[in-house]
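Inspection log for the structure reproduced underneath, given as structure tokens.
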Amino acid sequence: MTYVRGAEQVEIAATIGRTKYETDDGTAVRVEFTDRDFLVLAADLVLGGTVTEPERGDLIREGMREFEVLDWRYSDPYRVTLRISTKHIGAVTP
Amino acid sequence: MPLITQVADAVVAALNAATFSQPFTATRAYVPQCELPDLKALKVTVVPSSASVTAAGRGPAQHDVAIDIAVQQKIDSEQNATLDPLLALAEEIAEHFRAKRLSTFTDALWSRTEFTALYAPEHLEQLRTFTSVVTLTFRIIR
């Protein structure tokens, strides 16, 4: 997958941690969404030559599908692997 | 056609005939349901919400018809500069109907505006999406 922040991007190997299709009806208006977690090695997330941590609003592109980063955490006590929580926001804009 | 959907259609017509600070095409729906990718473009949905009927004299009845208008958009930033214009649009929509009759259904006279959800914090937090719901109540005597 491709991890994107602004004009910077990096190709990273990722494992799909979880994919769920959910409906939010917490208000009068219902929004349906696909919720997906990506597991990546923290050392692989290098943007602009620097190892970085995910930020809310970053994008992950998997094929033609685009996901927005909403949250993240380390998935192990040694901080080797990141679990990045995203929501599908549509197709990649050419 | 049911009275409440006639009113909802008249609200849609009024919204689409007017000019607001941000362009949109309003649609009517029974269930205001959409998928997250659909919200990249500003979406305004008009939904019949509730109706009550009370006596208005010996013969006629007073119908109070509530219509929800949902304003939604996926946002790139949670900064005030992004959110303020969307909330302003919801206010513009509310103000557009105040103290007026619906031009394509003149029996309906505005009687009340309520921001059912000024904005939905859970949509901002979990979906990075702005959602505001304005409920307009129109009175019809017939």
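Identifiers in this document derive from the order of the structure tokens: chains are assigned A, B, ..., residues are numbered from 1 separately in each chain, and ligands are numbered from 1 in order of occurrence.
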Set the cut-off to 6 Å and count only C-alpha atoms: what are the residues of chain A that reach chain B? Output as a PDB file with N, CA and C atoms, in the first residue's frame.
ATOM      1  N   VAL A  29     -29.157  11.147  11.176  1.00  0.00           N
ATOM      2  CA  VAL A  29     -28.619  10.873   9.852  1.00  0.00           C
ATOM      3  C   VAL A  29     -27.671   9.690   9.926  1.00  0.00           C
ATOM      4  N   ARG A  30     -27.886   8.723   9.061  1.00  0.00           N
ATOM      5  CA  ARG A  30     -27.088   7.500   9.101  1.00  0.00           C
ATOM      6  C   ARG A  30     -25.979   7.557   8.048  1.00  0.00           C
ATOM      7  N   VAL A  31     -24.773   7.234   8.469  1.00  0.00           N
ATOM      8  CA  VAL A  31     -23.643   7.178   7.542  1.00  0.00           C
ATOM      9  C   VAL A  31     -23.061   5.774   7.596  1.00  0.00           C
ATOM     10  N   GLU A  32     -22.881   5.175   6.414  1.00  0.00           N
ATOM     11  CA  GLU A  32     -22.304   3.837   6.351  1.00  0.00           C
ATOM     12  C   GLU A  32     -20.838   3.951   5.960  1.00  0.00           C
ATOM     13  N   PHE A  33     -20.013   3.085   6.524  1.00  0.00           N
ATOM     14  CA  PHE A  33     -18.587   3.199   6.220  1.00  0.00           C
ATOM     15  C   PHE A  33     -17.887   1.855   6.376  1.00  0.00           C
ATOM     16  N   ILE A  89     -12.706   6.205   2.150  1.00  0.00           N
ATOM     17  CA  ILE A  89     -13.306   7.495   1.765  1.00  0.00           C
ATOM     18  C   ILE A  89     -13.517   7.611   0.265  1.00  0.00           C
ATOM     19  N   GLY A  90     -13.237   6.532  -0.487  1.00  0.00           N
ATOM     20  CA  GLY A  90     -13.552   6.578  -1.908  1.00  0.00           C
ATOM     21  C   GLY A  90     -12.422   6.080  -2.769  1.00  0.00           C
TER      22      GLY A  90
END
re CA of Ala29 in chain B and CA of Thr82 in chain B: distance 26.7 Å
By how many Å are CA of Leu118 in chain B and CA of Ala18 in chain B apart?
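Atom-to-atom, CA of Leu118 in chain B and CA of Ala18 in chain B are spaced 21.8 Å apart.
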Record the distance separating CA of Arg83 in chain A and CA of Asp37 in chain A, expressed in Å with one decimal.
6.4 Å
Quick one: everything within 8 Å of range 50-57 of chain B, counting only C-alpha atoms, minus sequence neighbours fewer than 4 positions away in the same chain. Send it as a PyMOL selection string.
chain B and resi 4+61-67+141
Which parts of range 50-94 of chain B does DSSP call strand (DSSP E or B) when run on the backbone here, written out as a list in words?
Ser50, Ala51, Ser52, Val53, Thr54, Ala55, Ala61, Gln62, His63, Asp64, Val65, Ala66, Ile67, Asp68, Ile69, Ala70, Val71, Gln72, Gln73 and Lys74 of chain B
Once you have the residues from the selection above, write them out as an mmCIF file, in the first residue's frame, restricted to C-alpha atoms.
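Contents of part-v8.cif, as written:
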data_model
loop_
_atom_site.group_PDB
_atom_site.id
_atom_site.type_symbol
_atom_site.label_atom_id
_atom_site.label_comp_id
_atom_site.auth_asym_id
_atom_site.auth_seq_id
_atom_site.Cartn_x
_atom_site.Cartn_y
_atom_site.Cartn_z
ATOM 1 C CA SER B 50 -43.095 14.285 12.195
ATOM 2 C CA ALA B 51 -46.610 15.678 12.051
ATOM 3 C CA SER B 52 -49.287 16.598 14.553
ATOM 4 C CA VAL B 53 -52.899 17.613 14.059
ATOM 5 C CA THR B 54 -54.954 19.737 16.463
ATOM 6 C CA ALA B 55 -58.315 21.435 16.243
ATOM 7 C CA ALA B 61 -57.536 21.366 11.669
ATOM 8 C CA GLN B 62 -54.081 22.724 12.379
ATOM 9 C CA HIS B 63 -51.333 20.517 10.926
ATOM 10 C CA ASP B 64 -47.836 21.081 12.265
ATOM 11 C CA VAL B 65 -45.414 19.349 9.930
ATOM 12 C CA ALA B 66 -41.751 18.965 10.865
ATOM 13 C CA ILE B 67 -39.117 18.597 8.160
ATOM 14 C CA ASP B 68 -35.475 17.709 8.841
ATOM 15 C CA ILE B 69 -32.773 19.184 6.641
ATOM 16 C CA ALA B 70 -29.409 17.447 6.967
ATOM 17 C CA VAL B 71 -26.260 19.267 5.848
ATOM 18 C CA GLN B 72 -23.283 16.934 5.487
ATOM 19 C CA GLN B 73 -19.787 16.989 4.093
ATOM 20 C CA LYS B 74 -16.577 15.003 4.515
#
Need to verify the contact set: Glu11 in chain A, 7 Å, only C-alpha atoms, exclusion of same-chain residues closer than 4 positions in sequence. Can you return it as a list in words?
Met1, Thr2 and Tyr3 of chain A
Could you name the residues that touch Ala13 in chain B at 10 Å or less, counting only C-alpha atoms, but leaving out those on the same chain fewer than 2 positions away, as a list in words?
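The residues that qualify are Val7, Ala8, Asp9, Ala10, Val11, Leu15, Asn16, Ala17, Ala18, Thr25, Ala26, Thr27, Arg28, Leu102, Ser103, Thr104 and Phe105 of chain B.
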Would you save the residues of that selection, restricted to C-alpha atoms, as a PDB file, in the first residue's frame?
ATOM      1  CA  VAL B   7     -44.337  20.051   2.335  1.00  0.00           C
ATOM      2  CA  ALA B   8     -40.972  18.261   2.070  1.00  0.00           C
ATOM      3  CA  ASP B   9     -41.024  18.565  -1.720  1.00  0.00           C
ATOM      4  CA  ALA B  10     -41.817  22.279  -1.405  1.00  0.00           C
ATOM      5  CA  VAL B  11     -38.829  22.651   0.945  1.00  0.00           C
ATOM      6  CA  LEU B  15     -33.747  25.180  -1.396  1.00  0.00           C
ATOM      7  CA  ASN B  16     -32.895  24.419  -5.009  1.00  0.00           C
ATOM      8  CA  ALA B  17     -34.368  27.723  -6.238  1.00  0.00           C
ATOM      9  CA  ALA B  18     -32.342  29.786  -3.775  1.00  0.00           C
ATOM     10  CA  THR B  25     -28.745  20.276  -4.897  1.00  0.00           C
ATOM     11  CA  ALA B  26     -31.123  19.178  -2.166  1.00  0.00           C
ATOM     12  CA  THR B  27     -32.948  15.863  -2.435  1.00  0.00           C
ATOM     13  CA  ARG B  28     -35.805  14.314  -0.481  1.00  0.00           C
ATOM     14  CA  LEU B 102     -43.380  27.905   0.975  1.00  0.00           C
ATOM     15  CA  SER B 103     -43.626  29.342  -2.541  1.00  0.00           C
ATOM     16  CA  THR B 104     -44.697  26.074  -4.194  1.00  0.00           C
ATOM     17  CA  PHE B 105     -47.064  25.096  -1.374  1.00  0.00           C
TER      18      PHE B 105
END
Give me the residues near range 21-24 of chain B as a ChimeraX atom specification, where near means some atom within 9 Å (using only C-alpha atoms) and where sequence neighbours in that chain fewer than 3 positions away do not count.
/B:15-16,41-44,85-86,88-89,92
Can you list, as a VMD selection string, every protein, DNA or RNA residue that comes within 12 Å of Gly48 in chain A when you count only C-alpha atoms, leaving out same-chain residues fewer than 6 positions away?
chain A and resid 4 to 10
Write the selection just made, keeping N, CA and C atoms, as a tab-separated table (two decimals), in the first residue's frame?
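Final output, saved to out.tsv:
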chain	number	residue	atom	x	y	z
A	4	VAL	N	0.37	8.20	2.34
A	4	VAL	CA	0.46	9.54	1.76
A	4	VAL	C	0.22	10.61	2.83
A	5	ARG	N	1.11	11.58	2.85
A	5	ARG	CA	0.88	12.78	3.68
A	5	ARG	C	1.23	13.99	2.81
A	6	GLY	N	0.23	14.72	2.41
A	6	GLY	CA	0.47	15.86	1.53
A	6	GLY	C	1.14	15.41	0.25
A	7	ALA	N	2.28	16.00	-0.06
A	7	ALA	CA	2.99	15.66	-1.31
A	7	ALA	C	3.94	14.49	-1.12
A	8	GLU	N	4.08	14.01	0.12
A	8	GLU	CA	5.03	12.94	0.38
A	8	GLU	C	4.31	11.60	0.45
A	9	GLN	N	4.98	10.57	-0.02
A	9	GLN	CA	4.38	9.25	0.06
A	9	GLN	C	5.45	8.17	0.10
A	10	VAL	N	5.05	6.99	0.59
A	10	VAL	CA	6.00	5.88	0.68
A	10	VAL	C	5.23	4.57	0.47
Which one is closest to Arg101 in chain B: B:Ile140, B:Leu87, B:Leu124, B:Val134? Count only C-alpha atoms.
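With only C-alpha atoms as the atom set, the closest residue is B:Ile140.
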Let's see if you can do this: from backbone DSSP, list all alpha helix (DSSP H) residues in range 7-123 of chain B, as a ChimeraX atom specification.
/B:7-17,80-97,121-123
